[in-house]
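A.B. asks: Encoded as structure tokens, here's the structure I'll be asking about.
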Amino acid sequence: MGIRGPGGLRADVRGRRERARVWGAANPWAVDVGIALLVQAAMTMPFVVPRAPGLEPATWAAYGLTTLTVLPLVWRRRAPVAVLLAIMAASALYKVAVEGPGQPLPYTGLVIVYTIALLSSPWKRLTTAGLMLVAVPVSVWLNTQSVRELTFSLFVFAAAYVFGRLQDARQRAHLIEAERAAARERARIAREMHDILSHAVSLMIVQAEAGPVAVRAAPERAEAAFEAISETGREAMTQLRQMLGLLREGSESAAGAPPREPQPDLAALPELLARVRSSGLDVSYTTEGGVRALPAATGAHAYRIVQEALTNVVKHAAARTVEVRLAHADGALRVTVTDDGRGPQGGSGGHGLVGIRERAAAHGGSATTGPGPGGRGFEVRALLPVPRTAEAGT
């Protein structure tokens, strides 16, 4: 049995907390009943501990009225202001009608004030604040007429209100972050789908345009071209299914759902280059610095950058040769794709080059584009950081 480090323990605590939050969101009635039972347990304590000599004994009638002040908390989410009024009425009846044990804290009032501050609209919160500014001094006057108790009561109710507002702000921040994360994921999936479709369609168009000429001049080449079109289409469909699988709600737990395959990485580069060669391009592939184990995200980003750069070559460069170089350096992976085509054509380079820059930036790196060596052709250069732990293969 392994021993988990502090990071593992923190992750376990966060996981349990998240599961508890999800369960609570799905079962609000059970949560409210549980809170009411906890408050009832706290308010029962003065009834079970011995009372000082000279005080009236605790009675069942007094305990029943105490329970009556707690019971409305079960409906605290549905009608918080009505629950507040019910608690205040039951508490006033308790003070006037019976001589029962007091409470060290106004538990029920604190819970409902926190709830109103968390869930209610601004006008309900303002109404509650004004009501408490009247009710708290009246309650203290009926109880002890102590300035100390008045100050303490105002402080704890103000604290409950502030905690409610802080929790509301925290929930709103989490919701905004969740929406941003969803938007980032949608953008990532859109980039992946753009890369897959753009690459596959470009190769298929090139092969299809060459097919009629090859049928007349070299039938065997025509057959190879059609096979390349078919293979490219099948590969694109496979990757698109993986992408669309990410969008299927609940697909992780769907019965009988096939396991998702990992995104292609540098190990899939030879197959990618072979498909590009089938379009007639002379593609060379070199590595420098020795092949190293890379994190999955780094390998996937590098693969997609090379894929998009090659797609641009096929679509726009009118090149005959293209060179792909990977240089493994300390703490970084350099990706370079150079062709001998027509070079920069002006403008920003279209969506493809923008996507390359965005991919590199999303991974904490950078990408530049421009003329190739000596001003000939076009070159894409990307620098992706690699954690040193990954370089060591740990």
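Ordered as shown in the structure tokens, chains take letters A, B, and onward, while each chain numbers its residues from 1 and ligands are numbered from 1 in the order shown.
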Applying 12 Å and only C-alpha atoms, which residues near range 73-79 of chain A remain after dropping the ones on its own chain fewer than 4 positions away? List them as a PyMOL selection string.
C.D. replies: chain A and resi 28-40+67-69+83-87+107-121+124
A.B. asks: I need the residue nearest Thr287 in chain A from this list: A:Leu333, A:Gln145, A:Thr59, A:Ala317. Use only C-alpha atoms for the distance.
C.D. replies: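 The closest residue to Thr287 in chain A is A:Leu333.
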A.B. asks: At a cut-off of 8 Å, using only C-alpha atoms, what residues contact Thr321 in chain A? Leave out same-chain residues fewer than 4 positions from it and give the result as a PyMOL selection string.
C.D. replies: chain A and resi 281-284+339-341
A.B. asks: Output N, CA and C atoms for every residue in that selection, as a PDB file, in the first residue's frame.
C.D. replies:
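File part13.pdb, as written:
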ATOM      1  N   LEU A 281       4.653  15.835 -52.760  1.00  0.00           N
ATOM      2  CA  LEU A 281       5.696  16.627 -52.112  1.00  0.00           C
ATOM      3  C   LEU A 281       6.854  15.735 -51.678  1.00  0.00           C
ATOM      4  N   ASP A 282       8.055  16.253 -51.792  1.00  0.00           N
ATOM      5  CA  ASP A 282       9.238  15.579 -51.272  1.00  0.00           C
ATOM      6  C   ASP A 282       9.436  16.064 -49.835  1.00  0.00           C
ATOM      7  N   VAL A 283       9.136  15.213 -48.866  1.00  0.00           N
ATOM      8  CA  VAL A 283       9.145  15.601 -47.451  1.00  0.00           C
ATOM      9  C   VAL A 283      10.297  14.905 -46.750  1.00  0.00           C
ATOM     10  N   SER A 284      11.149  15.687 -46.078  1.00  0.00           N
ATOM     11  CA  SER A 284      12.232  15.117 -45.270  1.00  0.00           C
ATOM     12  C   SER A 284      11.957  15.403 -43.791  1.00  0.00           C
ATOM     13  N   ASP A 339       9.734  25.161 -46.457  1.00  0.00           N
ATOM     14  CA  ASP A 339       9.452  24.698 -47.818  1.00  0.00           C
ATOM     15  C   ASP A 339      10.198  25.582 -48.820  1.00  0.00           C
ATOM     16  N   ASP A 340      10.214  25.179 -50.088  1.00  0.00           N
ATOM     17  CA  ASP A 340      10.902  25.943 -51.140  1.00  0.00           C
ATOM     18  C   ASP A 340       9.881  26.586 -52.087  1.00  0.00           C
ATOM     19  N   GLY A 341       8.695  26.893 -51.543  1.00  0.00           N
ATOM     20  CA  GLY A 341       7.633  27.427 -52.380  1.00  0.00           C
ATOM     21  C   GLY A 341       7.743  28.910 -52.615  1.00  0.00           C
TER      22      GLY A 341
END
A.B. asks: Neighbouring residues of Tyr63 in chain A were defined as those with any atom within 12 Å, considering only C-alpha atoms; residues of the same chain fewer than 5 positions away were excluded. Please report them as an mmCIF file with C-alpha atoms, in the first residue's frame.
C.D. replies:
data_model
loop_
_atom_site.group_PDB
_atom_site.id
_atom_site.type_symbol
_atom_site.label_atom_id
_atom_site.label_comp_id
_atom_site.auth_asym_id
_atom_site.auth_seq_id
_atom_site.Cartn_x
_atom_site.Cartn_y
_atom_site.Cartn_z
ATOM 1 C CA GLN A 40 -31.631 21.568 16.823
ATOM 2 C CA ALA A 41 -28.776 19.569 18.354
ATOM 3 C CA MET A 43 -30.069 24.326 20.809
ATOM 4 C CA THR A 44 -30.754 21.149 22.797
ATOM 5 C CA MET A 45 -27.535 21.463 24.803
ATOM 6 C CA PRO A 46 -28.882 23.986 27.385
ATOM 7 C CA PHE A 47 -31.780 21.605 28.064
ATOM 8 C CA VAL A 48 -29.597 18.580 28.882
ATOM 9 C CA PRO A 57 -36.241 23.841 35.358
ATOM 10 C CA ALA A 58 -36.299 23.261 31.631
ATOM 11 C CA LEU A 68 -40.652 25.422 16.642
ATOM 12 C CA THR A 69 -37.998 28.069 16.005
ATOM 13 C CA VAL A 70 -35.806 25.502 14.222
ATOM 14 C CA ALA A 90 -41.499 31.738 17.469
ATOM 15 C CA SER A 91 -38.516 33.304 19.282
ATOM 16 C CA TYR A 94 -40.470 31.691 23.572
ATOM 17 C CA VAL A 98 -41.946 30.478 28.918
ATOM 18 C CA GLU A 99 -38.999 30.721 31.253
ATOM 19 C CA GLY A 100 -36.661 28.414 29.389
ATOM 20 C CA PRO A 101 -32.896 28.175 29.023
ATOM 21 C CA GLY A 102 -31.227 30.827 26.935
ATOM 22 C CA GLN A 103 -28.889 30.120 24.043
#
A.B. asks: If I take CA of Ala236 in chain A and CA of Val380 in chain A, how far is one from the other in Å, to one decimal?
C.D. replies: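 The value is 23.4 Å.
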A.B. asks: Taking the chain letters and numbering used in this document, name the residues of range 295-362 of chain A that DSSP puts in strand (DSSP E), as a PyMOL selection string.
C.D. replies: chain A and resi 321-329+332-339
A.B. asks: Keeping only C-alpha atoms, write the selected residues as a short mmCIF file (atom, residue, chain, number, x, y, z; two decimals), in the first residue's frame.
C.D. replies:
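New file out-v5.cif:
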data_model
loop_
_atom_site.label_atom_id
_atom_site.label_comp_id
_atom_site.auth_asym_id
_atom_site.auth_seq_id
_atom_site.Cartn_x
_atom_site.Cartn_y
_atom_site.Cartn_z
CA THR A 321 10.18 20.03 -51.14
CA VAL A 322 9.50 20.59 -47.46
CA GLU A 323 11.70 19.86 -44.46
CA VAL A 324 10.44 19.10 -40.95
CA ARG A 325 12.99 19.46 -38.14
CA LEU A 326 12.54 18.76 -34.43
CA ALA A 327 15.28 19.95 -32.10
CA HIS A 328 15.21 18.69 -28.50
CA ALA A 329 17.04 21.23 -26.36
CA ALA A 332 12.30 23.19 -24.95
CA LEU A 333 11.27 21.56 -28.19
CA ARG A 334 11.91 23.52 -31.40
CA VAL A 335 9.71 22.70 -34.37
CA THR A 336 10.68 24.01 -37.82
CA VAL A 337 8.87 23.42 -41.11
CA THR A 338 10.58 24.90 -44.20
CA ASP A 339 9.45 24.70 -47.82
#
A.B. asks: Find the residues around Asn312 in chain A up to 12 Å (only C-alpha atoms counted), leave out those fewer than 6 positions away in its own chain, and share them as a PyMOL selection string.
C.D. replies: chain A and resi 195+198-203+276+305-306+318-319+322+337-339+341-345+349-356+369+378-380
A.B. asks: Please produce a file of those selected residues containing N, CA, C and O atoms, as a short mmCIF file (atom, residue, chain, number, x, y, z; two decimals), in the first residue's frame.
C.D. replies:
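The resulting file, selection-v4.cif, is shown below:
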data_model
loop_
_atom_site.label_atom_id
_atom_site.label_comp_id
_atom_site.auth_asym_id
_atom_site.auth_seq_id
_atom_site.Cartn_x
_atom_site.Cartn_y
_atom_site.Cartn_z
N ASP A 195 -7.92 21.84 -37.83
CA ASP A 195 -6.67 21.24 -38.30
C ASP A 195 -6.93 19.92 -39.02
O ASP A 195 -6.36 19.65 -40.09
N SER A 198 -8.95 20.67 -42.38
CA SER A 198 -8.16 21.42 -43.35
C SER A 198 -7.07 20.54 -43.96
O SER A 198 -6.85 20.53 -45.18
N HIS A 199 -6.39 19.78 -43.10
CA HIS A 199 -5.32 18.91 -43.59
C HIS A 199 -5.88 17.83 -44.52
O HIS A 199 -5.36 17.63 -45.64
N ALA A 200 -6.94 17.15 -44.07
CA ALA A 200 -7.47 16.04 -44.85
C ALA A 200 -8.04 16.52 -46.18
O ALA A 200 -7.77 15.93 -47.24
N VAL A 201 -8.82 17.58 -46.15
CA VAL A 201 -9.45 18.06 -47.38
C VAL A 201 -8.40 18.57 -48.37
O VAL A 201 -8.50 18.33 -49.58
N SER A 202 -7.36 19.25 -47.87
CA SER A 202 -6.32 19.75 -48.76
C SER A 202 -5.63 18.60 -49.49
O SER A 202 -5.41 18.64 -50.72
N LEU A 203 -5.27 17.55 -48.75
CA LEU A 203 -4.62 16.41 -49.39
C LEU A 203 -5.56 15.71 -50.37
O LEU A 203 -5.14 15.30 -51.47
N VAL A 276 1.38 13.11 -46.68
CA VAL A 276 1.73 14.31 -47.43
C VAL A 276 2.60 13.95 -48.64
O VAL A 276 2.45 14.53 -49.72
N ILE A 305 0.93 21.41 -34.83
CA ILE A 305 1.66 22.51 -35.48
C ILE A 305 2.27 22.04 -36.79
O ILE A 305 2.18 22.72 -37.83
N VAL A 306 2.92 20.87 -36.77
CA VAL A 306 3.49 20.33 -38.01
C VAL A 306 2.38 20.06 -39.02
O VAL A 306 2.51 20.36 -40.21
N ALA A 318 2.80 26.00 -53.34
CA ALA A 318 3.27 25.53 -54.65
C ALA A 318 4.72 25.06 -54.55
O ALA A 318 5.56 25.34 -55.41
N ALA A 319 5.02 24.33 -53.46
CA ALA A 319 6.39 23.89 -53.20
C ALA A 319 6.62 22.50 -53.77
O ALA A 319 5.68 21.74 -54.04
N VAL A 322 9.76 20.01 -48.78
CA VAL A 322 9.50 20.59 -47.46
C VAL A 322 10.30 19.79 -46.44
O VAL A 322 10.43 18.56 -46.56
N VAL A 337 9.36 23.97 -39.84
CA VAL A 337 8.87 23.42 -41.11
C VAL A 337 9.22 24.43 -42.19
O VAL A 337 8.75 25.57 -42.18
N THR A 338 10.07 24.00 -43.15
CA THR A 338 10.58 24.90 -44.20
C THR A 338 10.26 24.32 -45.56
O THR A 338 10.48 23.12 -45.81
N ASP A 339 9.73 25.16 -46.46
CA ASP A 339 9.45 24.70 -47.82
C ASP A 339 10.20 25.58 -48.82
O ASP A 339 10.76 26.62 -48.46
N GLY A 341 8.70 26.89 -51.54
CA GLY A 341 7.63 27.43 -52.38
C GLY A 341 7.74 28.91 -52.62
O GLY A 341 8.82 29.51 -52.55
N ARG A 342 6.58 29.52 -52.84
CA ARG A 342 6.54 30.91 -53.28
C ARG A 342 6.80 31.91 -52.17
O ARG A 342 6.93 33.10 -52.43
N GLY A 343 6.88 31.47 -50.92
CA GLY A 343 7.20 32.38 -49.83
C GLY A 343 6.00 33.16 -49.33
O GLY A 343 4.86 32.92 -49.75
N PRO A 344 6.23 34.13 -48.44
CA PRO A 344 5.13 34.92 -47.87
C PRO A 344 4.36 35.65 -48.96
O PRO A 344 4.95 36.23 -49.87
N GLN A 345 3.02 35.64 -48.82
CA GLN A 345 2.17 36.27 -49.82
C GLN A 345 1.49 37.53 -49.29
O GLN A 345 0.56 38.03 -49.88
N GLY A 349 -1.53 35.65 -42.91
CA GLY A 349 -1.29 34.22 -43.04
C GLY A 349 -2.52 33.38 -42.87
O GLY A 349 -2.45 32.17 -42.95
N GLY A 350 -3.69 33.95 -42.66
CA GLY A 350 -4.93 33.18 -42.57
C GLY A 350 -5.09 32.51 -41.23
O GLY A 350 -4.29 32.64 -40.31
N HIS A 351 -6.18 31.70 -41.17
CA HIS A 351 -6.52 31.06 -39.89
C HIS A 351 -5.50 30.02 -39.49
O HIS A 351 -5.28 29.79 -38.30
N GLY A 352 -4.89 29.36 -40.46
CA GLY A 352 -3.95 28.30 -40.13
C GLY A 352 -2.76 28.80 -39.34
O GLY A 352 -2.41 28.24 -38.29
N LEU A 353 -2.11 29.85 -39.83
CA LEU A 353 -0.95 30.38 -39.11
C LEU A 353 -1.35 30.99 -37.78
O LEU A 353 -0.61 30.91 -36.80
N VAL A 354 -2.52 31.62 -37.73
CA VAL A 354 -3.02 32.13 -36.44
C VAL A 354 -3.21 30.98 -35.47
O VAL A 354 -2.87 31.07 -34.28
N GLY A 355 -3.76 29.87 -35.97
CA GLY A 355 -3.95 28.70 -35.12
C GLY A 355 -2.63 28.15 -34.60
O GLY A 355 -2.55 27.71 -33.45
N ILE A 356 -1.57 28.18 -35.43
CA ILE A 356 -0.27 27.72 -34.97
C ILE A 356 0.23 28.59 -33.83
O ILE A 356 0.72 28.10 -32.81
N THR A 369 6.61 33.07 -38.13
CA THR A 369 6.57 32.63 -39.53
C THR A 369 7.24 33.69 -40.39
O THR A 369 7.28 34.87 -40.03
N PHE A 378 9.14 29.43 -47.45
CA PHE A 378 8.43 29.87 -46.25
C PHE A 378 8.83 28.95 -45.10
O PHE A 378 9.07 27.75 -45.28
N GLU A 379 8.88 29.53 -43.89
CA GLU A 379 9.33 28.76 -42.74
C GLU A 379 8.43 29.06 -41.54
O GLU A 379 8.10 30.21 -41.26
N VAL A 380 8.04 28.00 -40.85
CA VAL A 380 7.28 28.09 -39.59
C VAL A 380 8.19 27.61 -38.48
O VAL A 380 8.76 26.51 -38.55
#
